[in-house]
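> Would you mind keeping the following structure in view while I ask a few things?
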Amino acid sequence: MISPELPPSIKAALDDALQGTARTELAPRAASISAAYRQGGNSGAIRSRADALAYALVRMPATYAAVAASLNALGELRADFAPTTVLDCGAGPGTASFAAAQAFATLGTFTLIDANPALRNLALELAQHDPRLAQLGYLAGDARATLAKAEPAELVIASYMINEISDSAQRALADLLWQKTADTLLVIEPGTPAGFARIRDVRARLIGQGAHVIAPCPHERACPMAEPDWCHFTQRLPRSRAHMQLKAAEVPYEDEKFSYLVLSRQAPAERAARVLTQPQLTKIAASVKLCSDDGVGIVTFPRRDKAAYARAKKLAWGDTLRGSDSQ
């Protein structure tokens, strides 16, 4: 399991990069970037180094936390997964690759793809503070065109980037991501109904091409989630002082909502039901909303069953239940 916080080397690199840059200069840029993100925009507004630094302060920590949580879910169900190569599509400032480096000590080859020069330059600058990342390869160009030329990797990641392209392009990109996946593909989108809809589309399309679902789903049948509900998760992370200043935030933490999907060319050795919301505890019972092999439903653990109730009390949103634990 890796921490949801940025690694110390990347924090130090950001601090160095911010030397001589006034927070008052970054604040309006940060506000504009946050507004564009909420509206489903792309990274086109990030044109300068100051823009990239503002993004790194207001969005990079939350994106990193979501990637870390997704990689932890992968590691929980595939403890033997030890990739040596990663392909990070829509890499931005390198966030997903930095998380993958923390999750897998076996990674030695990092290939990043993005068309934004300001984010690419920042990624290369930050990577110099970590010996494992200092020689990463960063391919500049359109995601699909550049991805088509890239070598396959054991771990392929598309983090917060499918939303930036058209519906028809999304389907073509999903196919190409899978073609470049030698073992495992991780896709992450914002934890909104629209973000989940994109995840669900990728899931159905690639299962049709032979992909096996590792997480969060415990099966490969049609998604049972019914509107207006949607499958998403949340990761809490602390805010830095700079982050609080730029966003005029009063709470020293934030909760990043995200939807994700882990697919593999190998069928999982085990399946696990997934907790879809924070469990509800009363004096009578614990109620847990689960996605299991039987679909989505509420499982109740009566307090009189002390062992089961105690297990349920320890559960959190996004956790797994195996075998008899969900009975």
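Convention: chains lettered A, B, ... in structure tokens order; per-chain residue numbering from 1; ligands numbered from 1 as shown.
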Using backbone DSSP assignments, extract all strand (DSSP E or B) residues from segment 102-318 of chain A; output them as a PyMOL selection string.
chain A and resi 109-114+137-140+153-159+181-190+212-215+233-238+253-264+273-275+280-281+285-292+295-302
> Using only C-alpha atoms, pick whichever of A:Ala143, A:Leu276, A:Ala50, A:Ile33 has the shortest atom-to-atom distance to Leu18 of chain A.
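For Leu18 of chain A, the nearest of the given residues is A:Ala50.
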> Gly195 of chain A: which residues within 12 Å, counting only C-alpha atoms, same-chain residues fewer than 3 positions away excluded, as a list of chain:residue names?
A:Arg38, A:Gln39, A:Gly40, A:Ser159, A:Tyr160, A:Met161, A:Ile162, A:Asn163, A:Glu164, A:Val187, A:Ile188, A:Glu189, A:Pro190, A:Gly191, A:Thr192, A:Arg198, A:Ile199, A:Arg200, A:Asp201, A:Val202, A:Trp230, A:Cys231, A:His232, A:Phe233, A:Lys257, A:Phe258, A:Ser259, A:Tyr260, A:Leu261
> List the spatial neighbours of Leu147 of chain A as a PyMOL selection string - criterion: any atom at most 12 Å away, only C-alpha atoms, same-chain residues fewer than 6 positions off excluded.
chain A and resi 87-91+111-115+138-141+153+156-158+172-181
> From a backbone DSSP assignment, name each residue in segment 177-290 of chain A labelled alpha helix (DSSP H), as a VMD selection string.
chain A and resid 177 to 179 193 to 207 241 to 247
> Could you dump the residues just selected with N, CA and C atoms as a PDB file, in the first residue's frame?

```
ATOM      1  N   LEU A 177      -5.313   1.791 -26.291  1.00  0.00           N
ATOM      2  CA  LEU A 177      -4.736   1.559 -24.964  1.00  0.00           C
ATOM      3  C   LEU A 177      -4.645   0.060 -24.682  1.00  0.00           C
ATOM      4  N   TRP A 178      -5.684  -0.658 -25.042  1.00  0.00           N
ATOM      5  CA  TRP A 178      -5.690  -2.107 -24.798  1.00  0.00           C
ATOM      6  C   TRP A 178      -4.656  -2.812 -25.680  1.00  0.00           C
ATOM      7  N   GLN A 179      -4.511  -2.357 -26.919  1.00  0.00           N
ATOM      8  CA  GLN A 179      -3.503  -2.944 -27.808  1.00  0.00           C
ATOM      9  C   GLN A 179      -2.105  -2.785 -27.241  1.00  0.00           C
ATOM     10  N   PRO A 193     -21.004  11.495 -12.513  1.00  0.00           N
ATOM     11  CA  PRO A 193     -21.785  10.606 -13.382  1.00  0.00           C
ATOM     12  C   PRO A 193     -21.201  10.505 -14.788  1.00  0.00           C
ATOM     13  N   ALA A 194     -20.719  11.621 -15.335  1.00  0.00           N
ATOM     14  CA  ALA A 194     -20.126  11.592 -16.673  1.00  0.00           C
ATOM     15  C   ALA A 194     -18.823  10.800 -16.689  1.00  0.00           C
ATOM     16  N   GLY A 195     -18.007  10.976 -15.634  1.00  0.00           N
ATOM     17  CA  GLY A 195     -16.759  10.220 -15.551  1.00  0.00           C
ATOM     18  C   GLY A 195     -17.016   8.737 -15.450  1.00  0.00           C
ATOM     19  N   PHE A 196     -17.996   8.350 -14.634  1.00  0.00           N
ATOM     20  CA  PHE A 196     -18.334   6.941 -14.515  1.00  0.00           C
ATOM     21  C   PHE A 196     -18.888   6.381 -15.823  1.00  0.00           C
ATOM     22  N   ALA A 197     -19.667   7.173 -16.543  1.00  0.00           N
ATOM     23  CA  ALA A 197     -20.210   6.710 -17.818  1.00  0.00           C
ATOM     24  C   ALA A 197     -19.084   6.356 -18.786  1.00  0.00           C
ATOM     25  N   ARG A 198     -18.020   7.159 -18.774  1.00  0.00           N
ATOM     26  CA  ARG A 198     -16.875   6.848 -19.634  1.00  0.00           C
ATOM     27  C   ARG A 198     -16.191   5.567 -19.187  1.00  0.00           C
ATOM     28  N   ILE A 199     -16.035   5.394 -17.891  1.00  0.00           N
ATOM     29  CA  ILE A 199     -15.439   4.170 -17.364  1.00  0.00           C
ATOM     30  C   ILE A 199     -16.279   2.958 -17.758  1.00  0.00           C
ATOM     31  N   ARG A 200     -17.584   3.067 -17.616  1.00  0.00           N
ATOM     32  CA  ARG A 200     -18.468   1.949 -17.939  1.00  0.00           C
ATOM     33  C   ARG A 200     -18.390   1.603 -19.431  1.00  0.00           C
ATOM     34  N   ASP A 201     -18.292   2.619 -20.287  1.00  0.00           N
ATOM     35  CA  ASP A 201     -18.172   2.365 -21.721  1.00  0.00           C
ATOM     36  C   ASP A 201     -16.878   1.628 -22.050  1.00  0.00           C
ATOM     37  N   VAL A 202     -15.765   2.081 -21.441  1.00  0.00           N
ATOM     38  CA  VAL A 202     -14.479   1.408 -21.658  1.00  0.00           C
ATOM     39  C   VAL A 202     -14.554  -0.031 -21.161  1.00  0.00           C
ATOM     40  N   ARG A 203     -15.163  -0.227 -20.012  1.00  0.00           N
ATOM     41  CA  ARG A 203     -15.295  -1.573 -19.433  1.00  0.00           C
ATOM     42  C   ARG A 203     -16.010  -2.518 -20.395  1.00  0.00           C
ATOM     43  N   ALA A 204     -17.178  -2.110 -20.860  1.00  0.00           N
ATOM     44  CA  ALA A 204     -17.955  -2.978 -21.753  1.00  0.00           C
ATOM     45  C   ALA A 204     -17.208  -3.234 -23.055  1.00  0.00           C
ATOM     46  N   ARG A 205     -16.593  -2.198 -23.600  1.00  0.00           N
ATOM     47  CA  ARG A 205     -15.915  -2.339 -24.891  1.00  0.00           C
ATOM     48  C   ARG A 205     -14.733  -3.307 -24.803  1.00  0.00           C
ATOM     49  N   LEU A 206     -13.922  -3.170 -23.743  1.00  0.00           N
ATOM     50  CA  LEU A 206     -12.703  -3.980 -23.666  1.00  0.00           C
ATOM     51  C   LEU A 206     -12.967  -5.388 -23.133  1.00  0.00           C
ATOM     52  N   ILE A 207     -14.004  -5.567 -22.321  1.00  0.00           N
ATOM     53  CA  ILE A 207     -14.404  -6.937 -21.964  1.00  0.00           C
ATOM     54  C   ILE A 207     -14.766  -7.689 -23.246  1.00  0.00           C
ATOM     55  N   ARG A 241       0.065  24.010   2.799  1.00  0.00           N
ATOM     56  CA  ARG A 241      -0.218  25.412   3.098  1.00  0.00           C
ATOM     57  C   ARG A 241      -0.414  26.192   1.810  1.00  0.00           C
ATOM     58  N   ALA A 242       0.422  25.906   0.789  1.00  0.00           N
ATOM     59  CA  ALA A 242       0.302  26.610  -0.488  1.00  0.00           C
ATOM     60  C   ALA A 242      -1.025  26.305  -1.158  1.00  0.00           C
ATOM     61  N   HIS A 243      -1.451  25.068  -1.070  1.00  0.00           N
ATOM     62  CA  HIS A 243      -2.723  24.671  -1.658  1.00  0.00           C
ATOM     63  C   HIS A 243      -3.880  25.413  -0.996  1.00  0.00           C
ATOM     64  N   MET A 244      -3.839  25.504   0.326  1.00  0.00           N
ATOM     65  CA  MET A 244      -4.897  26.206   1.050  1.00  0.00           C
ATOM     66  C   MET A 244      -4.911  27.691   0.690  1.00  0.00           C
ATOM     67  N   GLN A 245      -3.741  28.271   0.518  1.00  0.00           N
ATOM     68  CA  GLN A 245      -3.660  29.685   0.165  1.00  0.00           C
ATOM     69  C   GLN A 245      -4.236  29.935  -1.225  1.00  0.00           C
ATOM     70  N   LEU A 246      -3.868  29.076  -2.188  1.00  0.00           N
ATOM     71  CA  LEU A 246      -4.304  29.287  -3.566  1.00  0.00           C
ATOM     72  C   LEU A 246      -5.804  29.082  -3.738  1.00  0.00           C
ATOM     73  N   LYS A 247      -6.376  28.163  -2.970  1.00  0.00           N
ATOM     74  CA  LYS A 247      -7.802  27.881  -3.106  1.00  0.00           C
ATOM     75  C   LYS A 247      -8.641  28.577  -2.034  1.00  0.00           C
TER      76      LYS A 247
END
```
> If you count only C-alpha atoms, which residues fall within 7 Å of segment 281-285 of chain A, apart from same-chain ones fewer than 4 positions away, as a list in words?
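That gives Thr300, Phe301, Pro302 and Arg303 of chain A.
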> So which residues touch Thr184 of chain A within 10 Å, counting only C-alpha atoms, skipping near sequence neighbours fewer than 4 positions away, as number ranges by chain?
A: 74, 81, 83, 86, 153-157, 178, 180, 211-214, 262-266
> Got time to write the residues from that selection, N, CA and C atoms, as a PDB file, in the first residue's frame?

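Once written, selection.pdb looks like this:
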```pdb
ATOM      1  N   LEU A  74      -5.406  -2.449  -7.060  1.00  0.00           N
ATOM      2  CA  LEU A  74      -4.778  -3.435  -7.939  1.00  0.00           C
ATOM      3  C   LEU A  74      -3.855  -4.353  -7.151  1.00  0.00           C
ATOM      4  N   PHE A  81       1.791  -9.000  -8.988  1.00  0.00           N
ATOM      5  CA  PHE A  81       2.034  -8.160 -10.163  1.00  0.00           C
ATOM      6  C   PHE A  81       3.289  -7.332  -9.939  1.00  0.00           C
ATOM      7  N   PRO A  83       5.365  -5.229 -12.538  1.00  0.00           N
ATOM      8  CA  PRO A  83       5.703  -4.719 -13.869  1.00  0.00           C
ATOM      9  C   PRO A  83       7.078  -4.075 -13.911  1.00  0.00           C
ATOM     10  N   VAL A  86       6.122   0.869 -17.733  1.00  0.00           N
ATOM     11  CA  VAL A  86       4.843   1.580 -17.610  1.00  0.00           C
ATOM     12  C   VAL A  86       4.725   2.576 -18.753  1.00  0.00           C
ATOM     13  N   ALA A 153       3.533  -1.860 -22.968  1.00  0.00           N
ATOM     14  CA  ALA A 153       4.081  -1.886 -21.609  1.00  0.00           C
ATOM     15  C   ALA A 153       3.257  -2.842 -20.758  1.00  0.00           C
ATOM     16  N   GLU A 154       3.874  -3.332 -19.695  1.00  0.00           N
ATOM     17  CA  GLU A 154       3.175  -4.256 -18.794  1.00  0.00           C
ATOM     18  C   GLU A 154       2.084  -3.536 -18.002  1.00  0.00           C
ATOM     19  N   LEU A 155       2.307  -2.262 -17.713  1.00  0.00           N
ATOM     20  CA  LEU A 155       1.301  -1.443 -17.045  1.00  0.00           C
ATOM     21  C   LEU A 155       1.045  -0.212 -17.892  1.00  0.00           C
ATOM     22  N   VAL A 156      -0.212  -0.021 -18.296  1.00  0.00           N
ATOM     23  CA  VAL A 156      -0.607   1.164 -19.059  1.00  0.00           C
ATOM     24  C   VAL A 156      -1.600   1.946 -18.207  1.00  0.00           C
ATOM     25  N   ILE A 157      -1.410   3.270 -18.134  1.00  0.00           N
ATOM     26  CA  ILE A 157      -2.273   4.123 -17.318  1.00  0.00           C
ATOM     27  C   ILE A 157      -2.819   5.265 -18.165  1.00  0.00           C
ATOM     28  N   TRP A 178      -5.684  -0.658 -25.042  1.00  0.00           N
ATOM     29  CA  TRP A 178      -5.690  -2.107 -24.798  1.00  0.00           C
ATOM     30  C   TRP A 178      -4.656  -2.812 -25.680  1.00  0.00           C
ATOM     31  N   LYS A 180      -1.878  -1.667 -26.530  1.00  0.00           N
ATOM     32  CA  LYS A 180      -0.547  -1.399 -25.982  1.00  0.00           C
ATOM     33  C   LYS A 180      -0.350  -2.018 -24.595  1.00  0.00           C
ATOM     34  N   ALA A 211     -10.738  -8.609 -22.268  1.00  0.00           N
ATOM     35  CA  ALA A 211     -10.153  -8.114 -21.014  1.00  0.00           C
ATOM     36  C   ALA A 211     -10.856  -8.724 -19.806  1.00  0.00           C
ATOM     37  N   HIS A 212     -10.081  -8.919 -18.745  1.00  0.00           N
ATOM     38  CA  HIS A 212     -10.614  -9.399 -17.467  1.00  0.00           C
ATOM     39  C   HIS A 212     -10.601  -8.246 -16.467  1.00  0.00           C
ATOM     40  N   VAL A 213     -11.676  -8.095 -15.707  1.00  0.00           N
ATOM     41  CA  VAL A 213     -11.756  -7.023 -14.721  1.00  0.00           C
ATOM     42  C   VAL A 213     -11.077  -7.464 -13.420  1.00  0.00           C
ATOM     43  N   ILE A 214     -10.160  -6.638 -12.962  1.00  0.00           N
ATOM     44  CA  ILE A 214      -9.498  -6.882 -11.678  1.00  0.00           C
ATOM     45  C   ILE A 214     -10.190  -6.086 -10.575  1.00  0.00           C
ATOM     46  N   VAL A 262      -9.562  -1.328 -13.492  1.00  0.00           N
ATOM     47  CA  VAL A 262      -8.333  -2.088 -13.724  1.00  0.00           C
ATOM     48  C   VAL A 262      -8.686  -3.321 -14.538  1.00  0.00           C
ATOM     49  N   LEU A 263      -8.077  -3.432 -15.716  1.00  0.00           N
ATOM     50  CA  LEU A 263      -8.292  -4.574 -16.604  1.00  0.00           C
ATOM     51  C   LEU A 263      -6.979  -5.309 -16.809  1.00  0.00           C
ATOM     52  N   SER A 264      -7.068  -6.597 -17.038  1.00  0.00           N
ATOM     53  CA  SER A 264      -5.857  -7.396 -17.235  1.00  0.00           C
ATOM     54  C   SER A 264      -6.068  -8.434 -18.328  1.00  0.00           C
ATOM     55  N   ARG A 265      -4.984  -8.870 -18.906  1.00  0.00           N
ATOM     56  CA  ARG A 265      -5.043  -9.974 -19.867  1.00  0.00           C
ATOM     57  C   ARG A 265      -5.105 -11.318 -19.142  1.00  0.00           C
ATOM     58  N   GLN A 266      -4.881 -11.278 -17.829  1.00  0.00           N
ATOM     59  CA  GLN A 266      -4.974 -12.495 -17.013  1.00  0.00           C
ATOM     60  C   GLN A 266      -6.223 -12.436 -16.139  1.00  0.00           C
TER      61      GLN A 266
END
```
> Compare A:Arg236, A:Arg29, A:Arg171, A:Arg49 by their minimum atom-to-atom distance to Pro61 of chain A, counting only C-alpha atoms, and give me the closest one.
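Of the candidates, the smallest distance to Pro61 of chain A is held by A:Arg236.
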> Would you mind reading off the distance between atom CA of Ser292 of chain A and atom CA of Gly208 of chain A, one decimal, in Å?
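These two atoms are separated by 20.6 Å.
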> Report, in Å to a single decimal, how far apart atom CA of Leu321 of chain A and atom CA of Met225 of chain A are.
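A separation of 18.3 Å between them.
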> Given the choices A:Ala248, A:Leu185, A:Ala56, A:Leu136, which gets closest to Thr109 of chain A if the distance is worked out from only C-alpha atoms?
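Result for the nearest residue to Thr109 of chain A: A:Leu136.
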> So that I can see what lies close to Pro7 of chain A, please list as a list in words the residues with an atom at most 12 Å from it, counting only C-alpha atoms and leaving out residues fewer than 5 positions away in the same chain.
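Counting only the stated atoms, we get Ile2, Ala12, Ala13, Leu14, Met60, Pro61, Tyr64, Ala65, Ala68, Thr95, Ala96, Ser97, Phe98, Ala99, Ala100, Ala101, Gln102, Ala103, Leu126, Ala127, His129 and Asp130 of chain A.
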> Using N, CA and C atoms, can you export the residues from the last selection as a PDB file, in the first residue's frame?

```pdb
ATOM      1  N   ILE A   2       0.541   2.199  -0.844  1.00  0.00           N
ATOM      2  CA  ILE A   2       1.318   3.438  -0.873  1.00  0.00           C
ATOM      3  C   ILE A   2       0.465   4.582  -0.330  1.00  0.00           C
ATOM      4  N   ALA A  12       9.658  18.018  -2.542  1.00  0.00           N
ATOM      5  CA  ALA A  12      10.863  18.853  -2.505  1.00  0.00           C
ATOM      6  C   ALA A  12      11.112  19.496  -3.864  1.00  0.00           C
ATOM      7  N   ALA A  13      10.879  18.734  -4.922  1.00  0.00           N
ATOM      8  CA  ALA A  13      11.067  19.264  -6.272  1.00  0.00           C
ATOM      9  C   ALA A  13      10.105  20.416  -6.544  1.00  0.00           C
ATOM     10  N   LEU A  14       8.855  20.284  -6.101  1.00  0.00           N
ATOM     11  CA  LEU A  14       7.888  21.362  -6.272  1.00  0.00           C
ATOM     12  C   LEU A  14       8.287  22.604  -5.488  1.00  0.00           C
ATOM     13  N   MET A  60      -2.555  18.399  -8.854  1.00  0.00           N
ATOM     14  CA  MET A  60      -1.652  17.253  -8.851  1.00  0.00           C
ATOM     15  C   MET A  60      -1.770  16.393  -7.584  1.00  0.00           C
ATOM     16  N   PRO A  61      -1.858  16.980  -6.379  1.00  0.00           N
ATOM     17  CA  PRO A  61      -1.966  16.133  -5.184  1.00  0.00           C
ATOM     18  C   PRO A  61      -3.215  15.255  -5.186  1.00  0.00           C
ATOM     19  N   TYR A  64      -2.850  12.513  -7.834  1.00  0.00           N
ATOM     20  CA  TYR A  64      -1.926  11.505  -7.307  1.00  0.00           C
ATOM     21  C   TYR A  64      -2.638  10.598  -6.304  1.00  0.00           C
ATOM     22  N   ALA A  65      -3.443  11.173  -5.422  1.00  0.00           N
ATOM     23  CA  ALA A  65      -4.141  10.385  -4.409  1.00  0.00           C
ATOM     24  C   ALA A  65      -5.085   9.380  -5.046  1.00  0.00           C
ATOM     25  N   ALA A  68      -2.969   6.620  -6.588  1.00  0.00           N
ATOM     26  CA  ALA A  68      -2.433   5.783  -5.519  1.00  0.00           C
ATOM     27  C   ALA A  68      -3.490   4.816  -4.995  1.00  0.00           C
ATOM     28  N   THR A  95       2.181  12.763 -12.903  1.00  0.00           N
ATOM     29  CA  THR A  95       1.548  12.335 -11.655  1.00  0.00           C
ATOM     30  C   THR A  95       1.391  10.822 -11.543  1.00  0.00           C
ATOM     31  N   ALA A  96       0.788  10.185 -12.543  1.00  0.00           N
ATOM     32  CA  ALA A  96       0.525   8.749 -12.472  1.00  0.00           C
ATOM     33  C   ALA A  96       1.823   7.942 -12.459  1.00  0.00           C
ATOM     34  N   SER A  97       2.811   8.401 -13.223  1.00  0.00           N
ATOM     35  CA  SER A  97       4.101   7.692 -13.237  1.00  0.00           C
ATOM     36  C   SER A  97       4.805   7.782 -11.891  1.00  0.00           C
ATOM     37  N   PHE A  98       4.677   8.946 -11.229  1.00  0.00           N
ATOM     38  CA  PHE A  98       5.281   9.095  -9.910  1.00  0.00           C
ATOM     39  C   PHE A  98       4.621   8.129  -8.917  1.00  0.00           C
ATOM     40  N   ALA A  99       3.302   7.961  -9.020  1.00  0.00           N
ATOM     41  CA  ALA A  99       2.606   7.029  -8.138  1.00  0.00           C
ATOM     42  C   ALA A  99       2.996   5.584  -8.454  1.00  0.00           C
ATOM     43  N   ALA A 100       3.086   5.253  -9.741  1.00  0.00           N
ATOM     44  CA  ALA A 100       3.460   3.901 -10.132  1.00  0.00           C
ATOM     45  C   ALA A 100       4.861   3.547  -9.636  1.00  0.00           C
ATOM     46  N   ALA A 101       5.762   4.529  -9.656  1.00  0.00           N
ATOM     47  CA  ALA A 101       7.123   4.289  -9.160  1.00  0.00           C
ATOM     48  C   ALA A 101       7.114   3.931  -7.684  1.00  0.00           C
ATOM     49  N   GLN A 102       6.199   4.542  -6.925  1.00  0.00           N
ATOM     50  CA  GLN A 102       6.079   4.223  -5.499  1.00  0.00           C
ATOM     51  C   GLN A 102       5.448   2.852  -5.292  1.00  0.00           C
ATOM     52  N   ALA A 103       4.506   2.491  -6.141  1.00  0.00           N
ATOM     53  CA  ALA A 103       3.768   1.238  -5.965  1.00  0.00           C
ATOM     54  C   ALA A 103       4.572   0.024  -6.381  1.00  0.00           C
ATOM     55  N   LEU A 126      10.628  17.888 -12.390  1.00  0.00           N
ATOM     56  CA  LEU A 126      10.353  17.208 -11.127  1.00  0.00           C
ATOM     57  C   LEU A 126      11.045  15.852 -11.070  1.00  0.00           C
ATOM     58  N   ALA A 127      11.102  15.160 -12.201  1.00  0.00           N
ATOM     59  CA  ALA A 127      11.675  13.812 -12.229  1.00  0.00           C
ATOM     60  C   ALA A 127      13.161  13.797 -11.886  1.00  0.00           C
ATOM     61  N   HIS A 129      14.608  14.885  -9.488  1.00  0.00           N
ATOM     62  CA  HIS A 129      14.839  14.736  -8.053  1.00  0.00           C
ATOM     63  C   HIS A 129      14.728  13.289  -7.589  1.00  0.00           C
ATOM     64  N   ASP A 130      14.426  12.382  -8.501  1.00  0.00           N
ATOM     65  CA  ASP A 130      14.306  10.966  -8.147  1.00  0.00           C
ATOM     66  C   ASP A 130      15.160  10.152  -9.112  1.00  0.00           C
TER      67      ASP A 130
END
```
> When distances are computed from only C-alpha atoms, which of A:Cys223, A:Ala182, A:Met1, A:Leu237 shows the smallest separation from Glu76 of chain A?
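With only C-alpha atoms as the atom set, the closest residue is A:Met1.
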> One number please: atom CA of Asp319 of chain A to atom CA of Gln209 of chain A, in Å, one decimal.
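Result for atom CA of Asp319 of chain A versus atom CA of Gln209 of chain A: 27.9 Å, one decimal.
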> Which residue out of A:Asn72, A:Gln135, A:Ser168, A:Ser48 has the minimum interatomic distance to Gly318 of chain A when only C-alpha atoms are used?
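Of all the options, A:Asn72 lies closest to Gly318 of chain A.
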